[in-house]
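Structure file start10.cif with mmCIF, C-alpha atoms and all ligand atoms:
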```cif
data_structure
loop_
_atom_site.label_atom_id
_atom_site.label_comp_id
_atom_site.auth_asym_id
_atom_site.auth_seq_id
_atom_site.Cartn_x
_atom_site.Cartn_y
_atom_site.Cartn_z
CA MET A 1 124.62 102.64 146.82
CA SER A 2 127.39 100.57 145.24
CA LYS A 3 130.04 102.22 143.07
CA ALA A 4 128.61 100.43 140.06
CA HIS A 5 125.11 101.79 140.74
CA SER A 6 126.49 105.33 141.17
CA PHE A 7 128.15 104.95 137.78
CA LEU A 8 124.86 103.85 136.20
CA GLU A 9 122.99 106.74 137.80
CA GLN A 10 125.59 109.23 136.63
CA ARG A 11 125.41 108.00 133.03
CA LEU A 12 121.62 108.11 133.09
CA LYS A 13 121.66 111.63 134.55
CA GLU A 14 123.99 112.83 131.78
CA ARG A 15 121.78 111.22 129.15
CA SER A 16 118.67 112.80 130.60
CA GLU A 17 120.34 116.23 130.84
CA LYS A 18 121.26 116.01 127.15
CA GLY A 19 117.60 115.31 126.31
CA LEU A 20 118.48 111.81 125.08
CA TRP A 21 116.53 109.73 127.60
CA ARG A 22 115.19 106.53 126.09
CA SER A 23 112.07 104.93 127.50
CA LEU A 24 109.69 102.15 126.50
CA LYS A 25 106.21 103.05 125.31
CA HIS A 26 103.11 100.89 125.05
CA GLU A 27 101.02 100.40 121.93
CA ASN A 28 98.72 103.29 121.06
CA SER A 29 95.69 103.97 118.89
CA LEU A 30 97.31 106.66 116.73
CA VAL A 31 97.52 106.31 112.94
CA ASP A 32 100.65 104.23 112.33
CA PHE A 33 103.33 106.13 110.44
CA SER A 34 106.09 104.66 112.54
CA SER A 35 106.24 100.86 112.51
CA ASN A 36 108.26 98.76 110.06
CA ASP A 37 105.15 96.68 109.32
CA TYR A 38 105.12 98.10 105.79
CA LEU A 39 102.68 95.57 104.31
CA GLY A 40 100.46 95.10 107.37
CA PHE A 41 101.51 91.46 107.80
CA ALA A 42 102.32 91.84 111.51
CA HIS A 43 98.66 92.43 112.31
CA SER A 44 96.86 90.72 109.43
CA ALA A 45 93.97 88.65 110.83
CA ALA A 46 93.84 86.51 107.67
CA LEU A 47 97.57 85.73 107.81
CA HIS A 48 97.22 85.02 111.54
CA GLN A 49 94.51 82.43 110.81
CA TYR A 50 96.67 80.82 108.15
CA ILE A 51 99.66 80.65 110.52
CA ASN A 52 97.50 79.15 113.29
CA ALA A 53 96.08 76.50 110.97
CA GLU A 54 99.54 75.60 109.66
CA THR A 55 100.95 75.49 113.21
CA LYS A 56 98.17 73.11 114.30
CA ARG A 57 98.86 70.94 111.25
CA ILE A 58 102.68 70.92 111.36
CA ALA A 59 103.67 71.45 114.99
CA PRO A 60 100.80 70.42 117.27
CA GLY A 61 101.75 70.63 120.93
CA LEU A 62 105.20 72.12 120.33
CA ASN A 63 106.25 75.22 122.25
CA GLY A 64 110.02 75.73 122.38
CA SER A 65 112.74 74.26 120.18
CA GLY A 66 114.59 72.68 123.09
CA GLY A 67 118.12 73.55 122.04
CA SER A 68 120.46 75.15 119.54
CA ARG A 69 120.27 74.24 115.84
CA LEU A 70 123.42 72.11 116.19
CA LEU A 71 122.00 70.14 119.10
CA SER A 72 118.30 69.37 119.50
CA GLY A 73 116.71 72.51 117.98
CA ASN A 74 116.87 71.70 114.26
CA TYR A 75 113.89 70.53 112.18
CA ALA A 76 113.54 69.27 108.63
CA TYR A 77 110.85 71.95 108.24
CA THR A 78 113.34 74.71 109.18
CA GLU A 79 115.82 73.55 106.56
CA ALA A 80 113.08 73.16 103.94
CA THR A 81 111.99 76.73 104.74
CA GLU A 82 115.55 77.97 104.35
CA SER A 83 115.76 76.36 100.90
CA TRP A 84 112.34 77.72 99.97
CA ILE A 85 113.26 81.28 100.97
CA ALA A 86 116.67 81.01 99.27
CA SER A 87 115.04 80.03 95.98
CA PHE A 88 112.47 82.83 96.37
CA HIS A 89 115.41 85.25 96.45
CA GLN A 90 117.31 83.28 93.77
CA ALA A 91 120.16 82.41 96.12
CA GLU A 92 121.89 79.05 96.29
CA ALA A 93 121.36 78.69 100.05
CA GLY A 94 120.15 80.43 103.18
CA LEU A 95 120.62 80.15 106.95
CA ILE A 96 118.05 81.46 109.41
CA PHE A 97 119.18 83.44 112.47
CA ASN A 98 117.07 84.43 115.47
CA SER A 99 117.15 88.10 114.47
CA GLY A 100 118.72 90.47 111.99
CA TYR A 101 121.00 91.65 114.77
CA ASP A 102 122.20 88.09 115.32
CA ALA A 103 122.65 87.52 111.59
CA ASN A 104 124.79 90.61 111.13
CA ILE A 105 127.03 90.06 114.12
CA GLY A 106 127.38 86.38 113.21
CA LEU A 107 128.31 87.09 109.60
CA LEU A 108 130.79 89.91 110.14
CA SER A 109 132.45 88.46 113.22
CA ALA A 110 132.99 85.09 111.56
CA ILE A 111 134.12 85.82 108.01
CA PRO A 112 136.66 88.68 107.77
CA GLN A 113 139.94 87.61 109.39
CA ARG A 114 143.00 89.50 110.63
CA GLY A 115 144.66 91.09 107.57
CA ASP A 116 141.34 91.27 105.68
CA THR A 117 139.41 94.52 105.23
CA ILE A 118 135.83 95.51 105.96
CA ILE A 119 134.68 98.68 104.20
CA THR A 120 131.34 100.07 105.35
CA ASP A 121 129.05 102.93 104.40
CA GLU A 122 129.06 105.45 107.25
CA LEU A 123 125.31 104.99 107.78
CA ILE A 124 125.08 101.21 108.15
CA HIS A 125 122.95 99.76 110.91
CA ALA A 126 124.32 99.28 114.44
CA SER A 127 124.19 95.49 114.05
CA LEU A 128 126.62 95.67 111.10
CA ILE A 129 128.89 98.04 113.02
CA ASP A 130 128.85 95.74 116.04
CA GLY A 131 129.56 92.70 113.84
CA SER A 132 132.55 94.37 112.21
CA ARG A 133 133.85 95.50 115.62
CA LEU A 134 133.94 91.85 116.66
CA SER A 135 136.18 91.03 113.70
CA LEU A 136 139.97 91.35 113.75
CA ALA A 137 139.97 92.68 110.18
CA ASN A 138 140.97 96.25 109.27
CA ARG A 139 138.00 98.58 109.08
CA PHE A 140 137.36 101.59 106.82
CA LYS A 141 134.29 103.80 106.44
CA PHE A 142 133.25 105.74 103.35
CA GLY A 143 130.88 108.72 103.10
CA HIS A 144 127.26 107.75 102.61
CA ASN A 145 126.74 106.34 99.10
CA ASN A 146 129.99 108.01 97.97
CA ILE A 147 131.35 105.81 95.19
CA ASN A 148 134.59 107.80 94.83
CA GLU A 149 135.39 107.46 98.51
CA LEU A 150 134.57 103.76 98.33
CA GLU A 151 137.07 103.40 95.49
CA GLN A 152 139.75 105.22 97.53
CA LYS A 153 139.22 102.78 100.40
CA LEU A 154 139.27 99.79 98.02
CA LYS A 155 142.68 100.93 96.80
CA GLN A 156 144.01 100.87 100.38
CA ALA A 157 142.44 97.53 101.33
CA THR A 158 144.35 94.31 101.99
CA GLY A 159 143.45 90.63 102.19
CA ASN A 160 139.92 89.52 101.41
CA ILE A 161 137.81 92.66 101.11
CA TYR A 162 134.18 92.95 102.24
CA VAL A 163 132.08 95.98 101.31
CA VAL A 164 129.05 96.28 103.56
CA VAL A 165 125.99 98.37 102.67
CA GLU A 166 122.22 98.49 103.10
CA SER A 167 120.13 98.45 99.94
CA ILE A 168 117.64 100.82 101.59
CA TYR A 169 118.96 102.82 104.53
CA SER A 170 116.91 102.41 107.68
CA MET A 171 117.08 106.02 108.86
CA ASP A 172 117.29 107.80 105.49
CA GLY A 173 115.11 105.63 103.25
CA ASP A 174 117.42 106.21 100.29
CA ALA A 175 118.97 103.46 98.16
CA ALA A 176 122.61 102.46 97.75
CA PRO A 177 123.96 102.71 94.18
CA LEU A 178 124.25 98.94 94.12
CA LYS A 179 125.06 98.58 90.41
CA ASP A 180 128.03 100.94 90.63
CA MET A 181 129.14 99.38 93.89
CA SER A 182 128.94 95.90 92.46
CA GLU A 183 131.04 96.95 89.44
CA LEU A 184 133.65 98.52 91.74
CA CYS A 185 133.73 95.42 93.89
CA GLN A 186 134.31 93.32 90.79
CA LYS A 187 137.12 95.65 89.67
CA TYR A 188 138.92 95.31 93.02
CA GLY A 189 138.00 91.67 93.71
CA ALA A 190 135.93 92.71 96.74
CA ASN A 191 132.89 90.93 98.15
CA LEU A 192 129.65 92.90 98.39
CA ILE A 193 127.41 92.29 101.41
CA VAL A 194 123.94 93.85 101.24
CA ASP A 195 121.50 94.20 104.14
CA GLU A 196 118.03 94.13 102.56
CA ALA A 197 116.08 94.68 105.81
CA HIS A 198 114.08 97.62 104.43
CA ALA A 199 114.00 96.56 100.77
CA THR A 200 112.43 93.15 101.30
CA GLY A 201 108.72 93.20 100.49
CA ILE A 202 109.08 96.62 98.85
CA PHE A 203 111.35 96.11 95.83
CA GLY A 204 111.52 93.28 93.30
CA PRO A 205 108.48 91.87 91.46
CA SER A 206 107.17 90.00 94.55
CA GLY A 207 109.19 91.81 97.19
CA GLU A 208 112.42 89.84 96.70
CA GLY A 209 114.47 92.98 97.41
CA LEU A 210 116.47 95.61 95.56
CA VAL A 211 119.33 93.24 94.72
CA MET A 212 116.96 91.11 92.68
CA GLN A 213 115.16 94.09 91.19
CA LEU A 214 118.56 95.14 89.80
CA GLY A 215 119.48 91.59 88.74
CA LEU A 216 122.53 91.54 91.03
CA GLN A 217 121.75 88.33 92.91
CA ASN A 218 124.74 86.53 91.37
CA ALA A 219 127.08 89.46 91.92
CA VAL A 220 126.72 89.75 95.72
CA PHE A 221 128.62 87.70 98.27
CA ALA A 222 125.82 87.72 100.85
CA ARG A 223 122.42 89.28 101.48
CA ILE A 224 120.75 89.72 104.85
CA VAL A 225 116.97 89.62 104.82
CA THR A 226 115.16 90.36 108.07
CA PHE A 227 111.66 89.08 108.81
CA GLY A 228 110.62 91.67 111.40
CA LYS A 229 109.86 94.39 108.86
CA ALA A 230 107.68 93.82 105.76
CA ILE A 231 107.51 90.06 106.42
CA GLY A 232 105.72 90.91 109.69
CA THR A 233 107.25 88.15 111.80
CA HIS A 234 110.68 87.77 113.45
CA GLY A 235 114.17 86.55 112.58
CA ALA A 236 116.44 86.83 109.56
CA ILE A 237 118.16 84.82 106.87
CA ILE A 238 121.62 85.14 105.36
CA LEU A 239 121.51 84.30 101.65
CA GLY A 240 124.53 83.24 99.61
CA SER A 241 126.38 80.15 98.46
CA ALA A 242 126.14 76.68 99.96
CA VAL A 243 129.77 77.11 101.11
CA LEU A 244 128.83 80.31 102.93
CA ARG A 245 125.96 78.49 104.67
CA ASN A 246 128.25 75.67 105.81
CA TYR A 247 130.84 78.19 106.99
CA LEU A 248 128.27 80.07 109.08
CA ILE A 249 126.98 76.83 110.64
CA ASN A 250 130.56 76.11 111.69
CA PHE A 251 131.83 79.56 112.67
CA ALA A 252 129.03 82.09 113.30
CA ARG A 253 128.85 82.25 117.08
CA SER A 254 125.44 83.99 117.18
CA PHE A 255 124.10 80.98 115.25
CA ILE A 256 125.92 78.27 117.19
CA TYR A 257 125.52 79.40 120.80
CA THR A 258 121.83 80.20 121.03
CA THR A 259 118.55 78.32 121.34
CA ALA A 260 116.92 77.81 117.95
CA MET A 261 113.72 79.60 117.06
CA PRO A 262 110.61 77.62 117.97
CA LEU A 263 108.99 75.85 115.05
CA HIS A 264 105.86 78.02 115.25
CA ASN A 265 108.03 81.03 114.45
CA ILE A 266 109.52 79.27 111.42
CA ILE A 267 105.99 78.34 110.30
CA ALA A 268 104.93 81.99 110.68
CA ILE A 269 107.88 83.09 108.50
CA ARG A 270 107.08 80.51 105.82
CA CYS A 271 103.37 81.45 105.80
CA ALA A 272 104.21 85.16 105.56
CA TYR A 273 106.46 84.47 102.58
CA GLU A 274 103.72 82.48 100.86
CA TRP A 275 101.38 85.42 101.63
CA LEU A 276 103.77 87.77 99.86
CA THR A 277 103.15 86.01 96.56
CA LYS A 278 99.32 86.06 96.93
CA GLU A 279 98.73 89.73 96.13
CA LYS A 280 100.60 92.53 94.45
CA TYR A 281 101.82 94.03 97.72
CA THR A 282 104.77 95.81 96.13
CA GLU A 283 102.39 97.69 93.82
CA GLN A 284 100.15 98.56 96.77
CA ILE A 285 103.00 100.00 98.84
CA HIS A 286 104.42 101.93 95.88
CA GLN A 287 101.01 103.52 95.29
CA LYS A 288 101.17 104.89 98.84
CA ILE A 289 104.80 105.98 98.45
CA ASP A 290 103.94 107.78 95.18
CA SER A 291 100.92 109.50 96.75
CA TYR A 292 103.04 110.75 99.65
CA ASN A 293 105.85 111.96 97.39
CA LEU A 294 103.43 113.74 95.06
CA LEU A 295 102.04 115.73 98.00
CA ILE A 296 105.30 116.32 99.85
CA ASN A 297 107.22 117.46 96.78
CA LYS A 298 104.80 120.37 96.43
CA LEU A 299 106.01 121.69 99.79
CA ASN A 300 109.24 123.49 100.35
CA ILE A 301 110.45 120.89 102.78
CA LYS A 302 113.88 119.65 103.90
CA ASN A 303 113.86 115.91 103.33
CA ILE A 304 115.87 113.05 101.83
CA GLN A 305 114.54 111.92 98.45
CA SER A 306 113.26 108.38 98.78
CA THR A 307 111.19 105.92 96.77
CA SER A 308 111.09 103.47 99.67
CA ALA A 309 108.55 103.17 102.49
CA ILE A 310 110.84 105.25 104.73
CA GLN A 311 110.51 109.02 104.37
CA THR A 312 112.18 111.77 106.35
CA LEU A 313 111.68 115.36 107.36
CA LEU A 314 114.87 117.02 108.54
CA PHE A 315 115.29 119.44 111.46
CA ASN A 316 118.21 121.37 112.90
CA ASN A 317 118.38 119.80 116.35
CA ASN A 318 116.86 117.28 118.75
CA SER A 319 114.34 119.60 120.34
CA GLU A 320 112.90 120.76 116.98
CA ALA A 321 112.48 117.16 115.85
CA ARG A 322 111.03 116.07 119.19
CA ASN A 323 108.55 118.96 119.29
CA ALA A 324 107.43 118.26 115.72
CA ALA A 325 106.77 114.61 116.60
CA LEU A 326 104.83 115.62 119.72
CA GLN A 327 102.62 117.98 117.74
CA LEU A 328 101.86 115.25 115.19
CA GLN A 329 101.10 112.75 117.94
CA GLU A 330 98.67 115.24 119.49
CA LYS A 331 96.90 115.37 116.10
CA GLY A 332 96.58 111.57 116.07
CA PHE A 333 99.60 110.50 113.99
CA ASP A 334 102.18 108.08 115.33
CA VAL A 335 105.36 109.66 113.98
CA ARG A 336 108.63 109.31 115.90
CA PRO A 337 111.64 111.60 116.01
CA ILE A 338 115.09 110.19 115.30
CA LEU A 339 117.57 112.13 117.37
CA SER A 340 121.32 112.57 117.44
CA PRO A 341 123.52 110.63 118.15
CA THR A 342 121.46 107.97 116.31
CA VAL A 343 121.70 110.35 113.31
CA PRO A 344 124.35 113.10 112.88
CA ALA A 345 123.72 116.37 114.76
CA GLY A 346 121.97 118.85 112.47
CA GLN A 347 120.17 116.03 110.66
CA GLU A 348 117.68 115.13 113.37
CA ARG A 349 114.47 114.06 111.74
CA LEU A 350 111.00 112.68 111.69
CA ARG A 351 111.08 109.16 110.24
CA ILE A 352 107.78 108.58 108.48
CA CYS A 353 107.02 104.99 107.54
CA LEU A 354 104.36 104.36 104.94
CA HIS A 355 102.20 101.24 104.94
CA THR A 356 99.76 99.55 102.58
CA TYR A 357 97.08 100.12 105.24
CA ASN A 358 97.59 103.89 105.46
CA THR A 359 94.63 105.34 103.57
CA GLU A 360 94.99 108.12 101.02
CA ALA A 361 92.98 110.33 103.41
CA GLU A 362 95.43 109.61 106.24
CA ILE A 363 98.41 110.41 104.02
CA THR A 364 96.81 113.67 102.86
CA ALA A 365 95.98 114.62 106.45
CA LEU A 366 99.54 113.87 107.58
CA VAL A 367 101.07 116.00 104.83
CA GLN A 368 98.65 118.81 105.73
CA GLN A 369 99.93 118.67 109.32
CA LEU A 370 103.56 118.59 108.13
CA LYS A 371 102.84 121.70 106.08
CA GLU A 372 101.66 123.47 109.22
CA LEU A 373 104.84 122.47 111.04
CA ILE A 374 107.29 124.01 108.60
C1 LIG A 401 119.24 97.61 108.29
C2 LIG A 401 118.91 96.74 109.45
N1 LIG A 401 119.60 95.61 109.63
C3 LIG A 401 119.36 94.80 110.67
C4 LIG A 401 118.39 95.10 111.59
C5 LIG A 401 118.18 94.19 112.76
O1 LIG A 401 117.12 93.33 112.48
P1 LIG A 401 116.29 92.68 113.68
O2 LIG A 401 115.33 93.73 114.14
O3 LIG A 401 115.64 91.49 113.08
O4 LIG A 401 117.26 92.32 114.76
C6 LIG A 401 117.63 96.25 111.45
C7 LIG A 401 116.58 96.57 112.45
O5 LIG A 401 116.26 97.64 112.78
C8 LIG A 401 117.90 97.11 110.35
O6 LIG A 401 117.24 98.25 110.19
#
```

For the structure just supplied, provide its representation as structure tokens.
Amino acid sequence: MSKAHSFLEQRLKERSEKGLWRSLKHENSLVDFSSNDYLGFAHSAALHQYINAETKRIAPGLNGSGGSRLLSGNYAYTEATESWIASFHQAEAGLIFNSGYDANIGLLSAIPQRGDTIITDELIHASLIDGSRLSLANRFKFGHNNINELEQKLKQATGNIYVVVESIYSMDGDAAPLKDMSELCQKYGANLIVDEAHATGIFGPSGEGLVMQLGLQNAVFARIVTFGKAIGTHGAIILGSAVLRNYLINFARSFIYTTAMPLHNIIAIRCAYEWLTKEKYTEQIHQKIDSYNLLINKLNIKNIQSTSAIQTLLFNNNSEARNAALQLQEKGFDVRPILSPTVPAGQERLRICLHTYNTEAEITALVQQLKELI
């Protein structure tokens, strides 16, 4: 075995011994309390039919895009969709990336320069961490949602300052105090960047996100909206000014040096957005969230308060969280454990995702099982 392979084996052995082995699993027939398909769009037969009909109409016979956006992979339809989505979110402009991961690394690696400062909440998503690591700017972290700590860091910051948060945190389900943060950013001349991955489709009158629900769309520097969660498709858009869009087209390497999304994917995104305005999906999901919270708050349970579709149940270590998930899976519920180091040790958890298609009976049955676990 080569030295490199021995190294790989050693790392895998250590991971396995720590109980942190990651492996891929196939789809299952359990009740879904785990996917990010909050509104059921990813498997909606009616939306699928609409996407197919639109694809036949707009892009007959097209498979791949054939190149990057700057070469042969751009379409008038893609740019029209970007404008359409930007106006849905009341932004001046938007630029689509192949994924939320790509959007975040593109944005944060391209904009903050040496001498500038990136200040991030300690719980931001890996893609935002990776993006800021690719930048030459100074980096500071503040305690989760801790406004006082954020202000301390703002006082120490130099150059152009970028404060990076999620509106709804992907592992905790709680919301950032965006109003306070936006006021602080204004006070210190900092630029607020908000990842709306888990707020899109859930908050705002038609699912425009938490930024719009709070009326902060003109106060933020950039928003990242991902399409792989409530929108049920794939990809992401960065929303902001027309100048920001032009800058990203010129400098964001994860936009420039990659093959553009195929047109059928763009059509799927556009159809899913149109779908979002057809029914009151935000009301439907909040009914389910309220039902769950009503039941769970009657139990003496260690969780993180959340009015989003992401709910948690906290445990003391990896094996407790893993065993709890296994027991729920045996009872027919697809609930996954989130283990350290993905979350801090001592805060290992079950991450329970609620969906419009979870019935009241399923939610009641899940809470009953949770009650038996604690
Ligand atoms: C907050 C947040 N941002 C970005 C991403 C990445 O988005 P994508 O899955 O489209 O790459 C995720 C995905 O898990 C996320 O939770």

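With CA of Ile352 in chain A on one side and CA of Ser34 in chain A on the other, the separation reads 5.9 Å.
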
Using all atoms listed in the file, find each residue with an atom at most 8 Å away from ligand LIG 401 (chain A) and format the answer as a ChimeraX atom specification. /A:98-104,124-128,166,168-171,195-198,224,226-229,234-236

If we count only C-alpha atoms, what is near Gly232 in chain A at a cut-off of 8 Å, once residues fewer than 3 positions away on the same chain are taken out, given as a count of residues only? 10

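CA of Asn300 in chain A to CA of Tyr357 in chain A spans 26.8 Å [interatomic distance, one decimal].
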
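In this model, the gap between CA of Val335 in chain A and CA of Arg15 in chain A comes to 22.4 Å.
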
I want to know what sits within 10 Å of Lys187 in chain A, based on all atoms listed in the file, with residues of the same chain fewer than 5 positions away left out; could you give that as a PDB file with C-alpha atoms, keeping the file's coordinate frame?
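Contents of selection-v4.pdb, freshly written:
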```
ATOM      1  CA  GLU A 151     137.070 103.400  95.490  1.00  0.00           C
ATOM      2  CA  LEU A 154     139.270  99.790  98.020  1.00  0.00           C
ATOM      3  CA  MET A 181     129.140  99.380  93.890  1.00  0.00           C
ATOM      4  CA  SER A 182     128.940  95.900  92.460  1.00  0.00           C
TER       5      SER A 182
END
```

Would you list the contacts of Gly207 in chain A as number ranges by chain, taking every protein, DNA or RNA residue within 12 Å and counting all atoms listed in the file, but skipping same-chain residues closer than 5 positions in sequence? A: 38-39, 85, 88-89, 196-202, 212-213, 225, 229-231, 272-286

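Shortest atom-to-atom contact with Phe142 in chain A among A:Val164, A:Ala365, A:Ala93, A:Leu328: A:Val164, counting only C-alpha atoms.
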
Select all residues near (117.4, 110.8, 118.6) (cut-off 9 Å, inclusive, file coordinates), counting all atoms listed in the file, and output them as JSON, numbers by chain. {"A": [19, 20, 22, 318, 321, 322, 337, 338, 339, 340, 341, 342, 343, 348, 349]}

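Using all atoms listed in the file, the smallest distance between any of A:Leu107, A:Leu313, A:Ala260, A:Ala361 and Gln347 in chain A comes from A:Leu313.
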
Neighbour list for Glu362 in chain A as JSON, numbers by chain, cut-off 12 Å, only C-alpha atoms, skip fewer than 3 positions in-chain: {"A": [30, 31, 32, 33, 288, 291, 292, 331, 332, 333, 334, 354, 355, 356, 357, 358, 359, 365, 366, 367, 368, 369]}

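By all atoms listed in the file, and with residues fewer than 2 positions from Ala110 in chain A along its chain excluded, the set lying at most 10 Å from it is A:Asn104, A:Ile105, A:Gly106, A:Leu107, A:Leu108, A:Pro112, A:Gln113, A:Gly131, A:Ser132, A:Leu134, A:Ser135, A:Leu136, A:Tyr247, A:Leu248, A:Asn250, A:Phe251, A:Ala252, A:Arg253, A:Ser254.
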
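The shortest atom-to-atom distance to Lys141 in chain A, with all atoms listed in the file taken into account, belongs to A:Ala157 out of A:Leu214, A:Ala157, A:Ala4, A:Cys271.
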
Determine the nearest neighbour of Ile118 in chain A from the options A:Gly61, A:Gly159, A:Gly94, A:Gly143, counting all atoms listed in the file. A:Gly159
